[in-house]
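Visitor: File name work.txt; file contents compact mmCIF, C-alpha atoms; full text below.
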# COMPACT_ATOMS: atom_id res chain seq x y z
CA MET A 48 0.00 0.00 0.00
CA THR A 49 1.26 3.46 -0.86
CA GLU A 50 2.46 5.58 2.05
CA ILE A 51 0.56 8.80 2.69
CA ALA A 52 2.50 11.63 4.29
CA LEU A 53 1.43 15.02 5.61
CA ARG A 54 3.61 18.07 5.35
CA GLU A 55 2.86 21.46 6.83
CA ALA A 56 1.57 23.86 4.21
CA THR A 57 3.62 27.02 3.78
CA PHE A 58 3.04 30.19 1.85
CA SER A 59 5.04 28.67 -1.01
CA ASP A 60 2.01 26.36 -1.51
CA VAL A 61 -0.27 29.33 -2.25
CA ASP A 62 -0.58 28.62 -5.99
CA LEU A 63 -1.19 24.90 -5.49
CA LEU A 64 -3.85 25.52 -2.85
CA PHE A 65 -5.41 28.21 -5.05
CA GLU A 66 -5.64 25.76 -7.96
CA TRP A 67 -7.24 23.08 -5.79
CA ARG A 68 -9.68 25.56 -4.18
CA ASN A 69 -10.91 26.75 -7.57
CA ASP A 70 -11.17 23.29 -9.16
CA PRO A 71 -14.73 23.07 -10.57
CA THR A 72 -15.55 19.75 -8.88
CA THR A 73 -14.19 20.95 -5.55
CA ARG A 74 -16.24 24.13 -5.83
CA GLU A 75 -19.37 22.15 -6.69
CA GLN A 76 -19.02 20.07 -3.51
CA SER A 77 -18.08 23.02 -1.31
CA PHE A 78 -20.50 25.03 0.80
CA ALA A 79 -18.81 28.16 -0.62
CA ARG A 80 -19.07 27.51 -4.35
CA ASP A 81 -17.88 30.79 -5.83
CA ALA A 82 -14.43 30.99 -7.36
CA VAL A 83 -11.93 32.74 -5.12
CA ASP A 84 -9.84 35.70 -6.28
CA LYS A 85 -6.06 35.17 -6.00
CA THR A 86 -5.50 38.27 -3.85
CA VAL A 87 -8.26 37.19 -1.44
CA HIS A 88 -6.81 33.68 -1.37
CA ARG A 89 -3.33 34.98 -0.53
CA ARG A 90 -4.67 37.02 2.41
CA TRP A 91 -6.75 34.07 3.60
CA LEU A 92 -3.77 31.68 3.50
CA SER A 93 -1.50 34.15 5.32
CA ALA A 94 -4.06 34.49 8.11
CA LYS A 95 -4.63 30.72 8.39
CA LEU A 96 -0.92 29.93 8.48
CA ALA A 97 -0.43 32.51 11.23
CA ALA A 98 -3.25 30.99 13.33
CA ARG A 99 -1.13 28.13 14.73
CA ASP A 100 -3.28 27.86 17.86
CA SER A 101 -6.43 27.09 15.86
CA THR A 102 -5.56 25.86 12.36
CA ARG A 103 -3.55 23.15 10.67
CA ILE A 104 -3.20 22.89 6.90
CA TRP A 105 -1.35 19.90 5.54
CA ILE A 106 -0.38 19.06 2.01
CA VAL A 107 -0.94 15.35 1.43
CA THR A 108 1.81 13.58 -0.47
CA VAL A 109 2.01 10.11 -1.98
CA ASP A 110 5.29 8.87 -3.47
CA GLY A 111 6.59 12.46 -3.59
CA ASN A 112 3.50 13.78 -5.36
CA ASP A 113 1.26 16.46 -3.86
CA VAL A 114 -2.16 14.81 -4.09
CA GLY A 115 -4.39 16.98 -1.92
CA GLN A 116 -4.82 19.09 1.16
CA ILE A 117 -6.57 18.81 4.50
CA ARG A 118 -7.35 21.60 6.92
CA TYR A 119 -8.53 21.39 10.52
CA GLU A 120 -9.86 24.49 12.26
CA LYS A 121 -10.48 24.48 15.99
CA ARG A 122 -13.91 25.85 16.91
CA ASP A 123 -15.43 25.35 20.37
CA GLY A 124 -13.12 22.41 21.13
CA VAL A 125 -13.86 20.64 17.84
CA GLY A 126 -11.56 20.29 14.82
CA GLU A 127 -13.62 21.10 11.73
CA ILE A 128 -12.40 19.38 8.58
CA SER A 129 -12.05 20.61 5.03
CA PHE A 130 -10.15 18.58 2.45
CA SER A 131 -9.77 18.02 -1.25
CA VAL A 132 -7.96 15.63 -3.53
CA ASP A 133 -6.30 16.73 -6.76
CA ALA A 134 -8.45 15.77 -9.77
CA ARG A 135 -5.64 13.55 -11.12
CA PHE A 136 -5.71 11.41 -7.96
CA ARG A 137 -9.43 11.05 -7.29
CA GLY A 138 -11.09 7.63 -7.24
CA ARG A 139 -8.09 5.87 -5.66
CA GLY A 140 -9.38 5.62 -2.09
CA LEU A 141 -7.12 8.39 -0.82
CA GLY A 142 -9.85 10.36 0.98
CA ARG A 143 -10.42 7.69 3.61
CA ARG A 144 -6.71 7.23 4.18
CA ILE A 145 -6.14 10.99 4.43
CA LEU A 146 -8.74 11.21 7.20
CA GLU A 147 -7.32 8.19 9.01
CA VAL A 148 -3.78 9.59 8.98
CA SER A 149 -4.61 13.22 9.75
CA ALA A 150 -7.37 12.98 12.39
CA PRO A 151 -5.21 11.68 15.26
CA ARG A 152 -2.55 14.29 14.53
CA ALA A 153 -5.13 17.08 14.44
CA CYS A 154 -6.54 15.86 17.76
CA ARG A 155 -3.10 16.06 19.38
CA GLU A 156 -1.86 19.28 17.84
CA LEU A 157 -5.07 21.25 18.26
CA ALA A 158 -6.01 19.67 21.61
CA VAL A 159 -9.60 19.04 20.53
CA SER A 160 -12.03 16.44 21.86
CA GLU A 161 -13.38 15.46 18.45
CA VAL A 162 -13.07 16.15 14.74
CA ARG A 163 -16.06 16.86 12.56
CA GLY A 164 -16.80 16.95 8.85
CA LEU A 165 -19.83 18.35 7.03
CA VAL A 166 -20.70 16.70 3.73
CA LYS A 167 -23.37 17.64 1.22
CA LEU A 168 -25.99 14.93 0.88
CA THR A 169 -25.48 15.22 -2.89
CA ASN A 170 -21.84 14.08 -2.54
CA PRO A 171 -21.98 10.26 -2.25
CA ALA A 172 -18.21 9.83 -2.62
CA SER A 173 -17.43 12.01 0.41
CA LEU A 174 -20.27 10.50 2.43
CA ALA A 175 -18.67 7.08 1.87
CA VAL A 176 -15.19 8.42 2.69
CA PHE A 177 -16.23 9.58 6.14
CA GLU A 178 -18.22 6.40 6.85
CA HIS A 179 -15.28 4.16 5.87
CA ALA A 180 -12.80 6.28 7.86
CA GLY A 181 -14.54 5.46 11.14
CA PHE A 182 -16.62 8.60 11.54
CA HIS A 183 -20.08 8.42 13.09
CA ARG A 184 -22.89 10.13 11.20
CA SER A 185 -24.55 12.07 13.97
CA ALA A 186 -27.17 14.21 12.28
CA ASP A 187 -28.17 16.05 9.18
CA THR A 188 -28.18 19.83 9.01
CA THR A 189 -28.37 22.71 6.55
CA VAL A 190 -25.36 24.81 5.58
CA ASN A 191 -25.81 27.80 3.28
CA GLY A 192 -29.12 26.34 2.13
CA GLU A 193 -27.59 22.93 1.36
CA SER A 194 -28.55 19.70 3.13
CA ALA A 195 -25.52 18.13 4.80
CA ALA A 196 -24.54 15.17 6.95
CA VAL A 197 -22.50 15.75 10.10
CA PHE A 198 -19.74 13.20 10.71
CA ILE A 199 -17.93 13.03 14.06
CA ARG A 200 -14.92 11.10 15.29
CA SER A 201 -13.91 11.21 18.93
CA CYS A 202 -10.29 11.99 19.65
CA ALA A 203 -10.38 9.34 22.37
CA SER A 204 -10.66 6.59 19.73
I need this file expressed as structure tokens, please.
Guide:
Amino acid sequence: MTEIALREATFSDVDLLFEWRNDPTTREQSFARDAVDKTVHRRWLSAKLAARDSTRIWIVTVDGNDVGQIRYEKRDGVGEISFSVDARFRGRGLGRRILEVSAPRACRELAVSEVRGLVKLTNPASLAVFEHAGFHRSADTTVNGESAAVFIRSCAS
């Protein structure tokens, strides 16, 4: 099985993260679907990278290739998840493995009690990813007018 590694994102990843954020499929599955301006993105990334007490952004690598990103943001003792996989690497089962590798590290580094992901009900691939990664589907909710499932994983597990 291919080894997945996480490396801390830096500002030198700004163009890569910008490309992934504005990927049409990623935008379609996001709760914020509008394309992001590069200047806005640069400011956003600078702020997130500076927020070491509440945010972790990792670039996911496989065999030396950057294949995606995962971000955890601490809110009210919970690490909220946002991730994406590069279009060239989708459909290979990486999403589940990314969650499995990153969740325990996020729990430790952010000192949260649980991690949580929100997934649109119209995104069957991501729904399956969270289910197969050991997350518990706790409820359904609405985010920006979109129906979503809430997936939770305790940091104690």
Visitor: Any idea what's packed within 12 Å of Val166 in chain A, counting all atoms listed in the file, ignoring anything in its chain fewer than 4 positions away? Could you give it as JSON, numbers by chain?
Guide: {"A": [75, 76, 77, 78, 127, 128, 129, 130, 170, 171, 172, 173, 174, 175, 176, 177, 178, 182, 184, 185, 186, 187, 188, 189, 190, 193, 194, 195, 196, 197, 198, 199]}
Visitor: Which residues come within 10 Å of Lys121 in chain A, counting all atoms listed in the file, excluding same-chain residues fewer than 6 positions away, as a PyMOL selection string?
Guide: chain A and resi 100-103+127-128+153-154+157-159+161-162
Visitor: List as a count of residues only: which residues have an atom within 10 Å of (2.8, 28.9, 2.9), counting all atoms listed in the file?
Guide: 16
Visitor: CA of Asn112 in chain A and CA of Thr49 in chain A are how many Å apart?
Guide: 11.5 Å
Visitor: Counting only C-alpha atoms, figure out which residue out of A:Trp105, A:Glu66, A:Arg135, A:Ala180 gets nearest to Asp84 in chain A.
Guide: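 The closest residue to Asp84 in chain A is A:Glu66.
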Visitor: Out of A:Glu50, A:Arg68, A:Ala98, A:Ala134, which residue has the shortest atom-to-atom distance to Val148 in chain A when counting only C-alpha atoms?
Guide: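 Checking each candidate against Val148 in chain A, we get A:Glu50 as the closest.
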Visitor: One number please: CA of Gly142 in chain A to CA of Asp123 in chain A, in Å, one decimal.
Guide: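 Atom-to-atom, CA of Gly142 in chain A to CA of Asp123 in chain A, that is 25.1 Å.
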Visitor: Could you work out how far CA of His183 in chain A lies from CA of Ala52 in chain A, giving the answer in Å with one decimal?
Guide: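 Between CA of Ala52 in chain A and CA of His183 in chain A the gap is 24.4 Å.
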Visitor: My list of candidates is A:Arg90, A:Asn191, A:Asp110, A:Ser201. Which is closest to Leu165 in chain A when distances are computed with all atoms listed in the file?
Guide: A:Asn191
Visitor: Counting all atoms listed in the file, figure out which residue out of A:Arg200, A:Ile145, A:Glu156, A:Asn69 gets nearest to Val109 in chain A.
Guide: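 Under the stated criterion, the closest residue is A:Ile145.
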Visitor: When distances are computed from only C-alpha atoms, which of A:Gly181, A:Gly192, A:Cys202, A:Leu53 shows the smallest separation from Val107 in chain A?
Guide: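 Going through A:Gly181, A:Gly192, A:Cys202, A:Leu53 one by one, the smallest distance to Val107 in chain A is for A:Leu53.
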